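K.L.:
Can you keep this structure in mind? I'll have questions shortly.
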There are 2 protein chains.
Amino acid sequence: MGRRLTGVSAPAWLAAAGEGLGQDELALATRNHGLPLEAMRYDVTPPGLHYVLTHYDIPHVMDEAAWQLNVSGRVQHVLTLSTAQLRTYPAVTTRVTLECAGNGRALLSPRPVSQPWLVEAVGTAEWTGVPLRLLLDEAGVASDAVDVVFTGADHGVERGVEQDYQRSLPLDVATCEDPEVLVAYAMNGAPLPPQHGRPLRLVVPGWYGMAQVKWLCGITVTDTPFTGFQQSVAYRIRRESAEAGEPVTCIAPRALLIPPGFPDFMSRTRVVPPGPVLLEGRAWSGRAPVTSVDVSTDGGATWHPAELERDHGHRWSWRRWSRRWFAVPGDHVLSARATDEAGNTQPLEQPWNRGGFANNLVQRVPVFCPDPADTA
Amino acid sequence: MGRRLTGVSAPAWLAAAGEGLGQDELALATRNHGLPLEAMRYDVTPPGLHYVLTHYDIPHVMDEAAWQLNVSGRVQHVLTLSTAQLRTYPAVTTRVTLECAGNGRALLSPRPVSQPWLVEAVGTAEWTGVPLRLLLDEAGVASDAVDVVFTGADHGVERGVEQDYQRSLPLDVATCEDPEVLVAYAMNGAPLPPQHGRPLRLVVPGWYGMAQVKWLCGITVTDTPFTGFQQSVAYRIRRESAEAGEPVTCIAPRALLIPPGFPDFMSRTRVVPPGPVLLEGRAWSGRAPVTSVDVSTDGGATWHPAELERDHGHRWSWRRWSRRWFAVPGDHVLSARATDEAGNTQPLEQPWNRGGFANNLVQRVPVFCPDPADTA
């Protein structure tokens, strides 16, 4: 880890009961952004709508041709690869739904003070790149290798520790054939946008966003478990700060609704005219394929199966679901609940951890259906 | 105006002293987003980094080929134009800096509760489209015409009023040759992204964002001043809610810094190593060309002229400025202040209006310069 710079960082803290968001949470919320949920209509998220979280600054890459990816550590041959060289390797394109590990954090009580997501930190893209396992094969991983550490070029301070963003994967995940980890250089057929890691990023299908290291410049094979800040301090599921906690890994199942009707500007309350409505949305899980989605239109009192889009062959991408509803005048709360093949499902009551990670509480969407007789 | 739907809307209100942001402000902040200020390095903002504000939902355009733009009202010939037909007109490309009228709102005290921008609601793009004056010429504007009303396809409720988003321009602005208002179909050489108005939007160089009607489907020439919600209720500069107020129109001058050094994740405080630093940023004004930028590195006690990029021929685009600074250990507050040819400059003390519009208070960027002797 880097030097200590405690003066600019506050320790992690929880908001007091009922405490509104502060200027530091707002500064993150105005920089980063979620997917406007109506944009779940697109199978692949158009540029600029996919969620973005940048820990520090988007690095200023003056000359992409000069960018180098180094593969080193417990390997037989150190590799130094330009982006042009990487494009000579076999290319793989995978459609992947990514979700921030902190999605849902701002709904927790007490609220961990960090990037304040509601539920919208998600997006789906076609990522193109070189399978990481090919690069590790070529480098020749030593028999005592344990972890593979990925270093991004974004540099900053977090909880008093100056650092380049670094995360690791266990060797078996890094070299897996299904899912195949990618060193990606393209998103939706175009070079990566700056905010998504130009010129290179990692894509680890099924894992939360913290594993998808952007502005990738170093890959280091280690013979001891990696204990960097983002691995051992941040991105742990713990209730007390003294706990070691469990690491955040694969995405828990979640279903979200494309909000029906139209919104109020400020409250975002949805207005749905009376009559038939097609409720639809997306569902995903990084742990096992989604096998069912259930819908409630009465605040969770009763649940009914949605129609799930048939298998589209993109295992690591969200799937569309839908169910018809007949809206009658009054107030309603809509929800959808995904379950995956491993039996993971979404909780109906809010779990809590002090980082606000891996939330997948069932979404509640209040809608108002006006009585035509009441409005002039 | 549309029907009243008061149940889903609260009246406009001001946050209490010290009151943090609420969930409704957060719901807007997670959907919409500003420009990460380090992205001011780009002359033209890359896709996905330009600020976005959507009043209601991004409309779902099923079939762009079926989109129609109607030009009607006080005209001799009603026009109904497809996007393909619009592409047969002479095309104009203009580089324009757009800024949200509410930029800076979240720094006000008391804070008007709405989209909570700090200072980052800005971006620059190359917009391509048909000059509006050509369409109005072809339609034949009646001699009693006063306003031109633009209707977008985004539909919602605001302060109890159900509406399509509508704004007007005075006829002389709508038909002006310099700046030329565009009916734009491309951004940075590509079709408009959904969040920027696909398939058509208005671009009014020099005006705040509320005039840049997205998802444009109707242009109506009127013989009386337009009094729609977004013209007469919202986007007025007033201190008391009972005032008629002044309309929000052209962008006031503003300079912003590309934040130097590197940030703390949570506080966003900047850390700048001791030594020479090139302070740089952008400046713009919709009222007259920017003629000077002054920089302070001591919290506004003293000001020094920055070097302003020479005229690049893009009158409606921001201009780069820079000034060298030698950082010494300690805490500093950096600021930049733009002045335009008409003598408009940025205030050093915060003005206030209850909509939080047209703010251009000088930015204050706290930086910490560590003493190399103090850090291990």
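The chains in the structure tokens are called A, B, ... from first to last as shown; in each chain the residues are counted from 1, and the ligands are counted from 1 in the order shown.
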If you count only C-alpha atoms, which residues fall within 6 Å of A:Val130, apart from same-chain ones fewer than 5 positions away, as a PyMOL selection string?

P.N.:
chain A and resi 91+182-183

K.L.:
Tell me the residues of chain B close to chain A, meaning within 6 Å using only C-alpha atoms, as a ChimeraX atom specification.

P.N.:
/B:3,20-22,24,29-31,33-34,36,48,55-56,156-158,262-265,267,376

K.L.:
From a DSSP calculation on the backbone, collect every residue of stretch 192-290 of chain A in strand (DSSP E or B) and output the set as a ChimeraX atom specification.

P.N.:
/A:201-203,207,214,216-222,236-237,246-247,250,254-257,262-264,270-271,275-284,290

K.L.:
Quick one: residues within 7 Å of B:Arg282, only C-alpha atoms counted, chain neighbours fewer than 6 positions away excluded, as a PDB file with C-alpha atoms, in the first residue's frame?

P.N.:
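This is the output file result-v9.pdb:
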```pdb
ATOM      1  CA  MET B  40     -12.838  19.164 -19.239  1.00  0.00           C
ATOM      2  CA  ALA B 255     -14.750  29.301 -15.353  1.00  0.00           C
ATOM      3  CA  LEU B 256     -14.035  25.902 -13.821  1.00  0.00           C
ATOM      4  CA  LEU B 257     -10.753  24.210 -12.946  1.00  0.00           C
ATOM      5  CA  TRP B 318     -15.850  26.926 -23.952  1.00  0.00           C
ATOM      6  CA  ARG B 319     -12.219  28.100 -24.121  1.00  0.00           C
ATOM      7  CA  ARG B 320      -9.226  26.639 -22.374  1.00  0.00           C
ATOM      8  CA  TRP B 321      -7.283  28.752 -19.888  1.00  0.00           C
TER       9      TRP B 321
END
```

K.L.:
Please report, as a ChimeraX atom specification, each residue of stretch 133-297 of chain B to which DSSP assigns helix (DSSP H, G or I) when run on this structure's backbone.

P.N.:
/B:133-139,171-174,194-196,209-211,229-233

K.L.:
Find the residues around A:Gly228 up to 12 Å (only C-alpha atoms counted), leave out those fewer than 6 positions away in its own chain, and share them as a PyMOL selection string.

P.N.:
chain A and resi 1-2+147+149-151+158+161-169+234-235

K.L.:
State, in Å with one decimal place, the distance from atom CA of B:Arg323 to atom CA of B:Asp311.

P.N.:
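Value for the atom CA of B:Arg323-atom CA of B:Asp311 distance: 17.4 Å.
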
K.L.:
Record the distance separating atom CA of A:Val96 and atom CA of A:Leu134, expressed in Å with one decimal.

P.N.:
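Between atom CA of A:Val96 and atom CA of A:Leu134 the gap works out to 19.9 Å.
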
K.L.:
Could you please determine the separation between atom CA of B:Arg201 and atom CA of A:Asn188 in Å, to one decimal place?

P.N.:
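Computing it gives 24.4 Å between the two atoms.
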